[in-house]
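*Asks:* Structure: structure_16.txt, compact mmCIF, C-alpha atoms.
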# COMPACT_ATOMS: atom_id res chain seq x y z
CA MET X 398 -17.59 -32.11 50.40
CA ALA X 399 -18.13 -31.64 46.67
CA ASP X 400 -14.95 -31.22 44.64
CA PHE X 401 -15.31 -28.10 42.47
CA GLY X 402 -13.66 -24.75 42.03
CA MET X 403 -13.81 -21.45 40.15
CA ASP X 404 -13.82 -23.10 36.74
CA GLU X 405 -16.97 -25.09 37.50
CA ILE X 406 -18.73 -22.08 39.03
CA LYS X 407 -17.81 -19.96 36.01
CA LYS X 408 -19.03 -22.58 33.55
CA LEU X 409 -22.31 -23.01 35.43
CA ARG X 410 -22.92 -19.26 35.52
CA GLU X 411 -22.19 -18.93 31.79
CA ARG X 412 -24.64 -21.69 30.95
CA THR X 413 -27.47 -20.56 33.24
CA GLY X 414 -27.09 -16.84 33.92
CA ALA X 415 -27.55 -17.57 37.64
CA GLY X 416 -25.67 -15.65 40.34
CA VAL X 417 -22.30 -16.76 41.64
CA MET X 418 -23.57 -17.79 45.06
CA ASP X 419 -26.54 -19.62 43.54
CA CYS X 420 -24.12 -21.53 41.31
CA LYS X 421 -21.97 -22.41 44.29
CA GLU X 422 -25.04 -23.66 46.18
CA ALA X 423 -26.18 -25.77 43.23
CA LEU X 424 -22.77 -27.39 42.83
CA GLN X 425 -22.63 -28.15 46.55
CA GLU X 426 -26.08 -29.72 46.42
CA LYS X 427 -25.20 -31.82 43.36
CA ASP X 428 -21.65 -32.88 44.32
CA GLY X 429 -20.00 -30.72 41.66
CA GLU X 430 -21.93 -32.25 38.73
CA ILE X 431 -22.57 -29.47 36.17
CA GLU X 432 -25.60 -30.97 34.42
CA ALA X 433 -27.30 -31.87 37.71
CA ALA X 434 -26.57 -28.38 39.03
CA ILE X 435 -28.19 -26.86 35.93
CA ASP X 436 -31.34 -28.87 36.60
CA TYR X 437 -31.26 -27.82 40.27
CA LEU X 438 -31.12 -24.12 39.32
CA ARG X 439 -33.92 -24.52 36.79
CA GLU X 440 -36.09 -26.37 39.30
CA LYS X 441 -35.62 -23.46 41.71
CA GLY X 442 -36.49 -20.96 38.99
CA MET X 443 -32.98 -19.50 38.99
CA ALA X 444 -32.06 -20.33 35.40
CA GLU X 445 -33.42 -20.91 31.92
CA ALA X 446 -32.76 -24.07 29.94
CA ALA X 447 -29.13 -23.98 28.87
CA SER X 448 -29.28 -25.14 25.25
CA ARG X 449 -25.86 -23.81 24.24
CA ASP X 450 -22.63 -22.77 25.89
CA LYS X 451 -21.35 -19.22 25.81
CA VAL X 452 -19.70 -18.12 22.57
CA ALA X 453 -16.10 -17.34 23.38
CA ALA X 454 -14.00 -17.36 20.20
CA GLU X 455 -13.78 -15.19 17.10
CA GLY X 456 -13.37 -16.30 13.52
CA LEU X 457 -15.43 -17.21 10.48
CA VAL X 458 -17.67 -19.98 9.17
CA GLU X 459 -17.50 -20.82 5.46
CA VAL X 460 -19.95 -22.87 3.38
CA GLU X 461 -19.23 -24.55 0.04
CA VAL X 462 -21.82 -26.18 -2.26
CA ALA X 463 -20.97 -27.92 -5.55
CA GLU X 464 -22.47 -26.59 -8.75
CA ASP X 465 -24.67 -29.70 -9.03
CA LYS X 466 -25.76 -29.21 -5.41
CA LYS X 467 -24.95 -32.82 -4.54
CA THR X 468 -21.97 -32.16 -2.27
CA GLY X 469 -21.51 -29.50 0.37
CA LEU X 470 -19.20 -28.53 3.20
CA VAL X 471 -19.28 -26.20 6.21
CA CYS X 472 -16.19 -25.35 8.25
CA GLU X 473 -15.13 -23.05 11.08
CA VAL X 474 -11.76 -21.32 11.49
CA ASN X 475 -11.06 -19.51 14.78
CA SER X 476 -8.94 -16.52 15.65
CA GLU X 477 -8.38 -14.87 19.03
CA THR X 478 -9.86 -11.47 18.19
CA ASP X 479 -12.55 -9.99 16.01
CA PHE X 480 -9.96 -7.61 14.56
CA VAL X 481 -8.06 -10.51 13.02
CA ALA X 482 -11.28 -12.25 11.94
CA ARG X 483 -12.07 -9.20 9.77
CA ASN X 484 -8.55 -8.96 8.35
CA ASP X 485 -8.28 -9.60 4.58
CA GLU X 486 -5.41 -12.06 5.05
CA PHE X 487 -7.46 -14.12 7.50
CA VAL X 488 -10.56 -14.02 5.28
CA GLU X 489 -8.48 -15.20 2.33
CA LEU X 490 -7.01 -18.03 4.40
CA VAL X 491 -10.48 -19.21 5.44
CA GLU X 492 -11.70 -19.18 1.84
CA GLU X 493 -8.66 -21.14 0.67
CA LEU X 494 -8.93 -23.66 3.51
CA SER X 495 -12.61 -24.18 2.74
CA GLY X 496 -11.89 -24.66 -0.95
CA GLN X 497 -9.15 -27.22 -0.30
CA LEU X 498 -11.29 -29.02 2.29
CA PHE X 499 -14.06 -29.29 -0.27
CA GLU X 500 -11.73 -31.19 -2.59
CA SER X 501 -10.12 -33.25 0.20
CA SER X 502 -11.08 -36.77 1.23
CA ALA X 503 -10.08 -36.11 4.86
CA CYS X 504 -12.71 -36.94 7.45
CA GLU X 505 -10.94 -35.43 10.47
CA VAL X 506 -9.26 -32.07 11.08
CA ALA X 507 -6.00 -33.78 12.09
CA ASP X 508 -5.84 -35.68 8.79
CA PHE X 509 -6.50 -32.58 6.73
CA LEU X 510 -3.79 -30.61 8.56
CA GLU X 511 -1.23 -33.17 7.40
CA GLU X 512 -2.10 -32.70 3.72
CA ASP X 513 0.13 -30.65 1.41
CA TRP X 514 -0.76 -27.00 1.01
CA ASP X 515 1.81 -26.53 -1.73
CA GLU X 516 5.19 -28.01 -2.62
CA GLU X 517 6.79 -26.58 0.51
CA LEU X 518 4.15 -26.47 3.26
CA THR X 519 1.53 -28.70 4.82
CA VAL X 520 -1.88 -27.22 5.64
CA ASP X 521 -0.88 -27.04 9.30
CA GLU X 522 2.34 -25.21 8.44
CA LYS X 523 0.44 -22.74 6.26
CA ILE X 524 -1.96 -21.94 9.09
CA ARG X 525 0.99 -21.46 11.46
CA GLU X 526 2.73 -19.22 8.93
CA VAL X 527 -0.31 -16.92 8.66
CA ALA X 528 -0.78 -17.00 12.44
CA ALA X 529 2.84 -15.95 12.97
CA SER X 530 2.55 -13.08 10.49
CA MET X 531 -0.57 -11.82 12.28
CA GLY X 532 0.76 -12.43 15.79
CA GLU X 533 -2.28 -14.42 16.84
CA ASN X 534 -3.35 -18.02 17.25
CA ILE X 535 -5.43 -19.39 14.34
CA ARG X 536 -6.93 -22.85 14.07
CA LEU X 537 -9.22 -24.89 11.89
CA ARG X 538 -11.68 -26.07 14.51
CA ARG X 539 -14.15 -28.32 12.67
CA PHE X 540 -15.82 -29.18 9.39
CA GLU X 541 -18.63 -31.36 8.11
CA ARG X 542 -19.32 -32.64 4.62
CA ILE X 543 -22.68 -33.80 3.21
CA GLU X 544 -23.34 -35.77 0.01
CA THR X 545 -26.90 -36.31 -1.16
CA ASP X 546 -29.20 -37.75 -3.83
CA GLY X 547 -31.45 -34.72 -3.24
CA PHE X 548 -29.93 -31.25 -3.29
CA LEU X 549 -28.07 -28.93 -0.92
CA VAL X 550 -28.32 -25.25 -0.10
CA GLY X 551 -25.96 -23.20 2.00
CA TYR X 552 -26.34 -19.88 3.78
CA LEU X 553 -23.98 -17.52 5.59
CA HIS X 554 -25.33 -15.07 8.15
CA GLN X 555 -23.75 -11.99 9.75
CA GLY X 556 -20.72 -12.00 7.51
CA GLY X 557 -19.80 -15.58 8.30
CA GLN X 558 -20.65 -15.71 12.01
CA ILE X 559 -23.27 -18.40 11.34
CA GLY X 560 -23.34 -20.90 8.51
CA THR X 561 -25.93 -23.51 7.57
CA LEU X 562 -25.87 -26.41 5.13
CA VAL X 563 -29.23 -28.05 4.45
CA GLU X 564 -30.00 -31.31 2.62
CA VAL X 565 -33.39 -31.21 0.93
CA SER X 566 -35.50 -33.61 -1.14
CA GLY X 567 -38.58 -33.03 -3.27
CA GLU X 568 -39.22 -30.15 -5.66
CA GLU X 569 -35.98 -28.33 -6.48
CA ASP X 570 -37.31 -24.99 -5.25
CA LEU X 571 -34.01 -23.30 -4.45
CA GLN X 572 -35.56 -20.15 -3.01
CA ALA X 573 -37.79 -22.09 -0.62
CA ALA X 574 -34.84 -24.25 0.43
CA LYS X 575 -32.71 -21.12 0.94
CA ASN X 576 -35.48 -19.69 3.13
CA ILE X 577 -35.24 -22.78 5.34
CA ALA X 578 -31.46 -22.42 5.54
CA MET X 579 -31.99 -18.83 6.68
CA HIS X 580 -34.59 -19.96 9.21
CA ILE X 581 -32.16 -22.51 10.67
CA ALA X 582 -29.49 -19.83 10.99
CA ALA X 583 -31.92 -17.58 12.88
CA SER X 584 -33.74 -20.13 15.05
CA ALA X 585 -30.99 -22.66 15.84
CA PRO X 586 -33.01 -25.90 15.96
CA LYS X 587 -31.22 -28.97 17.31
CA TYR X 588 -33.28 -31.63 15.57
CA ILE X 589 -35.51 -32.04 12.54
CA ASP X 590 -38.44 -33.49 14.47
CA ARG X 591 -39.34 -34.81 17.92
CA ASP X 592 -38.56 -38.41 16.96
CA GLU X 593 -34.85 -37.48 17.01
CA VAL X 594 -34.93 -36.24 20.62
CA ALA X 595 -33.46 -38.76 23.05
CA GLU X 596 -35.91 -40.17 25.58
CA GLU X 597 -33.51 -39.36 28.41
CA ASP X 598 -33.55 -35.69 27.40
CA ILE X 599 -37.34 -35.65 27.43
CA GLU X 600 -37.46 -37.31 30.84
CA ARG X 601 -34.93 -34.81 32.16
CA GLU X 602 -37.10 -31.91 30.99
CA LYS X 603 -40.19 -33.48 32.55
CA LYS X 604 -38.41 -33.86 35.88
CA VAL X 605 -37.31 -30.23 35.84
CA TYR X 606 -40.80 -28.96 34.93
CA ARG X 607 -42.44 -31.15 37.58
CA GLU X 608 -40.11 -29.83 40.28
CA GLN X 609 -40.83 -26.27 39.12
CA MET X 610 -44.56 -26.85 39.49
CA ILE X 611 -44.15 -28.39 42.93
CA ASN X 612 -41.96 -25.48 44.05
CA GLU X 613 -44.61 -23.06 42.79
CA GLY X 614 -47.27 -24.86 44.80
CA LYS X 615 -49.37 -26.08 41.88
CA PRO X 616 -52.04 -28.70 42.77
CA GLU X 617 -50.83 -32.25 42.14
CA HIS X 618 -53.81 -33.17 39.96
CA ILE X 619 -52.96 -30.56 37.30
CA ILE X 620 -49.17 -30.93 37.28
CA ASP X 621 -49.04 -33.70 34.66
CA ASP X 622 -51.11 -31.64 32.20
CA ILE X 623 -48.91 -28.58 32.76
CA VAL X 624 -45.77 -30.65 32.26
CA GLU X 625 -47.06 -32.09 28.98
CA GLY X 626 -47.85 -28.58 27.79
CA LYS X 627 -44.34 -27.46 28.62
CA ILE X 628 -42.88 -30.45 26.78
CA ASP X 629 -44.88 -29.49 23.68
CA LYS X 630 -43.40 -25.99 23.94
CA PHE X 631 -39.94 -27.52 24.42
CA TYR X 632 -40.35 -29.31 21.08
CA THR X 633 -41.29 -26.05 19.34
CA GLN X 634 -38.01 -24.56 20.54
CA ILE X 635 -35.63 -27.34 19.48
CA CYS X 636 -37.33 -29.20 16.59
CA LEU X 637 -37.15 -27.58 13.16
CA LEU X 638 -40.51 -28.80 11.86
CA GLU X 639 -42.37 -27.53 14.93
CA GLN X 640 -40.78 -24.08 15.06
CA GLU X 641 -42.71 -21.03 13.93
CA TYR X 642 -41.48 -20.15 10.45
CA VAL X 643 -39.53 -16.92 10.90
CA ARG X 644 -40.89 -15.26 7.74
CA ASP X 645 -44.51 -16.12 8.54
CA PRO X 646 -45.31 -16.81 12.23
CA ASP X 647 -48.83 -17.90 11.24
CA MET X 648 -47.39 -21.23 10.06
CA ASN X 649 -44.75 -23.62 11.31
CA VAL X 650 -41.82 -24.91 9.28
CA ALA X 651 -43.55 -28.22 8.51
CA GLU X 652 -46.46 -26.34 6.92
CA TYR X 653 -44.13 -24.15 4.89
CA LEU X 654 -42.22 -27.18 3.61
CA GLU X 655 -45.46 -28.95 2.67
CA GLU X 656 -46.58 -25.94 0.63
CA ALA X 657 -43.21 -25.87 -1.13
CA GLY X 658 -43.17 -29.63 -1.77
CA LEU X 659 -39.91 -30.08 0.17
CA GLU X 660 -38.54 -32.26 2.95
CA VAL X 661 -35.47 -31.53 5.08
CA GLU X 662 -33.34 -34.66 5.32
CA ASN X 663 -30.39 -33.24 7.26
CA PHE X 664 -28.84 -29.95 8.30
CA VAL X 665 -25.69 -28.57 9.86
CA ARG X 666 -25.55 -25.24 11.68
CA TYR X 667 -22.24 -23.74 12.81
CA GLU X 668 -21.97 -20.61 14.91
CA VAL X 669 -18.54 -19.13 15.50
CA GLY X 670 -17.17 -20.10 18.89
CA GLU X 671 -20.21 -22.02 20.14
CA GLY X 672 -19.31 -24.37 22.98
CA LEU X 673 -16.00 -22.69 23.83
CA ASP X 674 -15.33 -21.07 27.19
CA THR X 675 -14.08 -17.56 27.85
CA ASP X 676 -10.92 -16.71 29.73
CA ASP X 677 -12.42 -14.12 32.04
CA GLU X 678 -10.00 -12.88 34.70
CA ASP X 679 -12.59 -10.47 36.09
CA PHE X 680 -14.84 -13.42 36.81
CA ALA X 681 -12.03 -15.17 38.68
CA GLU X 682 -11.60 -12.14 40.91
CA GLU X 683 -15.35 -11.95 41.48
CA VAL X 684 -15.51 -15.59 42.52
CA LYS X 685 -12.53 -15.23 44.84
CA ALA X 686 -14.17 -12.28 46.53
CA GLN X 687 -17.48 -14.05 47.02
CA VAL X 688 -16.86 -17.72 47.64
CA GLU X 689 -13.41 -18.18 49.14
CA ASP X 690 -13.44 -19.50 52.64
CA LYS X 691 -13.01 -16.71 55.14
What is this file in structure tokens?
*Replies:*
Amino acid sequence: MADFGMDEIKKLRERTGAGVMDCKEALQEKDGEIEAAIDYLREKGMAEAASRDKVAAEGLVEVEVAEDKKTGLVCEVNSETDFVARNDEFVELVEELSGQLFESSACEVADFLEEDWDEELTVDEKIREVAASMGENIRLRRFERIETDGFLVGYLHQGGQIGTLVEVSGEEDLQAAKNIAMHIAASAPKYIDRDEVAEEDIEREKKVYREQMINEGKPEHIIDDIVEGKIDKFYTQICLLEQEYVRDPDMNVAEYLEEAGLEVENFVRYEVGEGLDTDDEDFAEEVKAQVEDK
């Protein structure tokens, strides 16, 4: 019998939106393997593609770009509640952490936490001091730094809930580049173009789409064409250059960039809490009621 419990069922439901019993069935069919269970649910038409995990933490994202636009940084600091995330003391801490990170040579969070904050405290001790004064856990979760021969633009959305840092080459059209940073914040691409998508991910999507068509009773001779059409749509969802440009749906991002004389070389998009799980006691009770052995 597959080895899984409430945690796996909860995670699968969060990632697919499928019902509890459907999640249990999928995990049983796929020996408790989450990714295989997701594909099973999608093949049965019980779930959409799960491109991101449920957002479960509060906090802020901060973006820093040097005056010469050659160096930039994006970081995320988490709190337990939205109330604390909007507190002036927390906001000030995030701004100070971001500023010190920008000047730091640290490549990992753990290394940065060991640096001196002032003559008395390390960065880690400063974070703990603020956390203690606010009565809530606070942590620097992640950061990423970009250096470029082109130029960088940054953008914060929803008061710091989403932050983007974009490396651009070509004409130094700051407004056009800022528009792309805003587009990335809104549309959440995973890649710049389809060449970056792993072949195994493409094959996985094709398998899911093929099983969907078979389950819907589509004739075998048209399934391959339908699958290729769905793969093209898949690219328009996850690849920046193929997405509809949010400010003008009559063109895609590649066309907008060509008009502006720009190329996107790299980008980072942080959304507060993405990829973290919730601690949902109500869900635990629901699962117990529905799937415990009688």
*Asks:* List the spatial neighbours of X:Gly547 as a ChimeraX atom specification - criterion: any atom at most 8 Å away, all atoms listed in the file, same-chain residues fewer than 6 positions off excluded.
*Replies:* /X:467,564-567
*Asks:* Give me, please, the distance in Å between atom CA of X:Tyr437 and atom CA of X:Ile589, quoted to one decimal.
*Replies:*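 Distance between the two atoms: 28.4 Å.
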*Asks:* One number please: atom CA of X:Met443 to atom CA of X:His618, in Å, one decimal.
*Replies:*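 We find that atom CA of X:Met443 and atom CA of X:His618 lie 24.9 Å from each other.
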*Asks:* I need the residue nearest X:Leu654 from this list: X:Ile577, X:Ala595, X:Cys636, X:Leu510. Use all atoms listed in the file for the distance.
*Replies:*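 Between X:Ile577, X:Ala595, X:Cys636, X:Leu510, the residue approaching X:Leu654 most closely is X:Ile577.
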*Asks:* Can you pull out the residues contacting stretch 500-503 of chain X? Cut-off 12 Å, using only C-alpha atoms, and skip same-chain residues under 4 positions away; I want them as a compact mmCIF listing (two decimals) with C-alpha atoms, in the coordinates of the input.
*Replies:*
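Output file selection.txt follows:
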# COMPACT_ATOMS: atom_id res chain seq x y z
CA GLU X 461 -19.23 -24.55 0.04
CA VAL X 462 -21.82 -26.18 -2.26
CA ALA X 463 -20.97 -27.92 -5.55
CA THR X 468 -21.97 -32.16 -2.27
CA GLY X 469 -21.51 -29.50 0.37
CA LEU X 470 -19.20 -28.53 3.20
CA GLU X 493 -8.66 -21.14 0.67
CA LEU X 494 -8.93 -23.66 3.51
CA SER X 495 -12.61 -24.18 2.74
CA GLY X 496 -11.89 -24.66 -0.95
CA ALA X 507 -6.00 -33.78 12.09
CA ASP X 508 -5.84 -35.68 8.79
CA PHE X 509 -6.50 -32.58 6.73
CA LEU X 510 -3.79 -30.61 8.56
CA GLU X 511 -1.23 -33.17 7.40
CA GLU X 512 -2.10 -32.70 3.72
CA ASP X 513 0.13 -30.65 1.41
CA TRP X 514 -0.76 -27.00 1.01
CA VAL X 520 -1.88 -27.22 5.64
CA ARG X 539 -14.15 -28.32 12.67
CA PHE X 540 -15.82 -29.18 9.39
CA GLU X 541 -18.63 -31.36 8.11
CA ARG X 542 -19.32 -32.64 4.62
*Asks:* Using all atoms listed in the file, which of the listed residues (X:Asp590, X:Phe487, X:His554, X:Ala657) sits closest to X:Ala529?
*Replies:*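 Using all atoms listed in the file, the shortest distance to X:Ala529 belongs to X:Phe487.
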*Asks:* Using only C-alpha atoms, which of X:Thr561, X:Ile599, X:Glu526, X:Asn612 sits nearest X:Asp629?
*Replies:* X:Ile599
*Asks:* Skip X:Met610 itself and residues of its chain fewer than 3 positions away, then list as number ranges by chain all residues within 9 Å of it, counting all atoms listed in the file.
*Replies:* X: 440, 605-607, 613-617, 620, 623-624
*Asks:* List the spatial neighbours of stretch 415-427 of chain X as a PyMOL selection string - criterion: any atom at most 6 Å away, all atoms listed in the file, same-chain residues fewer than 6 positions off excluded.
*Replies:* chain X and resi 399+406+434+443-444
*Asks:* Listed atoms of stretch 427-432 of chain X, axis-aligned box, 4 Å per side: centre and edge lengths to one decimal in Å, as JSON?
*Replies:*
{"center_x": -22.8, "center_y": -31.2, "center_z": 39.4, "size_x": 13.6, "size_y": 11.4, "size_z": 17.9}
